[in-house]
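Student: Before anything else, here's the structure in question.
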Amino acid sequence: MEQFLTSLIGEPLLVHVIMAAIPLLFILPYALVVIYLEMKIAAHMQDRVAYMRTGWHGTLQPIADMLKLLQKEDTVPAAADKFLFILAPYIVFIGTYAAFAALPFSSAFIGSNINIGIFYIVAISSLVVVGLLMAGWASNNKWSLFGALRSAAQIVSYEIPSAFAILGVVMLAGTMSLQELSSLQTGGITHWMILGGTLPLMKKLIVVPLMLILFLVYYISSMAEVNRTPFDIPEAESELVQGYNTEYSGMKFAIFYLAEYANLFAVSAVATVLFFGGWASPFASLMTGPFWSAFWFITKGMLFVCLNIWLRWTLPRLRVDQLMYMSWKVLTPFAFACVLALGLVLVW
Amino acid sequence: MNPVVEYFDDIYRGLKTATVGMRITFKHLFTKAVTIQYPTVKMKLPERARNRLYVNMDDCIGCDQCSMACPVDCISIETIKSTPEDNLGTTSTGQKKRLHVPVFDIDIAKCCYCGLCVYPCPTECIKMTDVYEFSEFDRHNLIYSFSTMTPAEVETARAKAKKMEEEAAAKKAAAAAAAKAAADAKAAAQTSAPAPQPEGSQPKPE
């Protein structure tokens with residue numbers, strides 16, 4: 001993709017700008033679709049129908065919502081730290097969007113094919129915590145600060161099991177580049193990391209349960225990292241109004257919202273690449289090629305997004321102590337044991 | 001329970017109950033929604049639902065019983081007596097109408113939909129309908145006037161009633177004067193006895 005654009009345009013700076021903007025072109029329509037999906041799934045799980053009036057079955061409602069948010073008055077509280085208050089949503093969005101740079105959308109497109117892709121994603125998505133803390137602190141509001149503190153505690157704790165789960169996959173694949181990781185998993189569903197990658201059959205039998213546990217650990221902790229129910233104590237409405245974005249309105253609130261959904265896709269995409277073959281087709285050599293691979297990548301990512309929505313409308317919110325118990329006493333030991341066992345299997 | 005066993009049991013049950021919950025929500029994803037999409041689809045009201053009041057003025061005899069029964073005084077009625085030569089017609093139950101009803105106002109904003117006005121009505125002309133969509137931007141639009149009389153009709157009816165009353169009063173006064181004259185004559189005849197009060201001069205109770 002980059003070579004193609006360079007040969008087409010020539011100017012390297014312009015090529016970089018275009019490459020950087022392509023994921024954004026994906027995120028904006030994706031956010032509209034996923035907001036619609038979320039509302040519809042939530043409603044139907046509760047035997048309701050959700051929006052029905054704007055367009056066919058309310059399909060235009062996300063656009064109407066967006067227009068409304070754009071028109072809203074963008075207030076900054078008088079006692080807020082104005083500079084940080086305005087900066088915070090952008091930091092959150094930048095942290096989220098930067099992760100898209102290393103996501104292999106297709107066999108022909110990746111923002112930046114760096115050899116430490118997954119490591120970069122883990123590192124850069126920590127920037128989100130800074131943004132959230134900034135928002136909570138700058139709002140000068142007790143609810144916001146509590147939300148931000150909880151959010152920081154939660155994201156920092158859940159990064160450990162998720163990093164361990166990622167480590168397991170990296171050990172199995174022997175690479176941190178997400179593009180390489182995806183191409184390793186081409187050649188059918190049996191080559192996917194959740195089914196032991198390209199290991200011989202005997203070793204696969206031992207590795208598959210370990211990978212399954214690692215996947216569960218990764219998926220649960222990624223859910224916590226995007227601050228969604230059952231891990232949404234940072235914005236627990238019943239306790240904290242809206243958590244760190246209590247004081248935000250209009251466009252700044254919209255950016256937080258967009259960042260949350262973008263982050264949701266980013267973690268789902270990482271789960272896809274790590275365990276479910278990324279852009280690799282499940283049918284060996286059938287339906288491959290740059291466009292099909294983009295199709296598989298987005299479809300798999302959306303499936304995990306839907307799974308996340310499903311869980312969100314099923315499980316109740318965890319208490320703060322339960323949240324910490326889950327991370328430190330359940331996920332971390334399990335991930336650690338799995339990585340250890342996986343290492344032994346690979347050395348043997 | 002052994003703490004180690006408890007730890008693993010907790011995890012097992014946590015995962016198991018999550019799948020149970022997911023199964024339930026998945027099942028509900030495909031059950032029919034219970035939503036009634038109100039302005040386009042409406043719920044069937046019960047047969048005796050009490051909503052907006054309606055008065056059929058053709059049957060109203062102006063008896064004022066509904067107004068008296070109303071606990072919030074939202075019905076106000078004024079009546080004018082009709083003259084013997086006026087024919088106001090009969091109600092659907094065959095009762096003769098004797099009173100003009102120039103004012104029959106119901107302030108539906110005050111109405112508490114108790115239905116107490118409906119029962120005393122002798123001609124069953126006031127009743128509760130199943131209309132419940134009558135919100136207004138101006139509160140005064142919620143005062144419903146049911147009277148069918150035009151201002152001109154009211155004017156003539158009032159004039160006639162007044163004339164009739166005056167005539168009646170004049171007749172009464174004449175009768176009273178005649179009675180008095182008769183009594184005076186009687187008194188003059190038997191000077192000692194006190195004159196009895198003539199019946200006609202007493203004001204009749206309304």
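Chain identifiers are assigned as A, B, and so on, following the order in which chains appear in the structure tokens; residues are numbered from 1 within each chain, and ligands are numbered from 1 in order of appearance.
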Apply DSSP to the structure's backbone, then extract all residues of chain B labelled alpha helix (DSSP H) and return them as a PyMOL selection string.
Tutor: chain B and resi 3-29+65-69+151-189
Student: Tell me, as a ChimeraX atom specification, which residues lie within 9 Å of region 183-190 of chain A, counting only C-alpha atoms; anything in the same chain fewer than 3 positions away does not count.
Tutor: /A:107,173,178-180,193-198,273,276-286
Student: Give me, please, the distance in Å between CA of Arg228 (chain A) and CA of Gln242 (chain A), quoted to one decimal.
Tutor: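 About the pair CA of Arg228 (chain A) and CA of Gln242 (chain A): they are 12.6 Å apart.
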Student: Set the cut-off to 9 Å and count only C-alpha atoms: what are the residues of chain A that reach chain B? Output as number ranges by chain.
Tutor: A: 41-49, 52, 310-311, 313-315, 330
Student: Residues within 6 Å of Leu331 (chain A), please, as a list in words. Count only C-alpha atoms; anything in the same chain fewer than 2 positions from it doesn't count.
Tutor: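 My reading of the contact set: Pro161, Val217, Ser327, Pro333, Phe334 and Ala335 of chain A.
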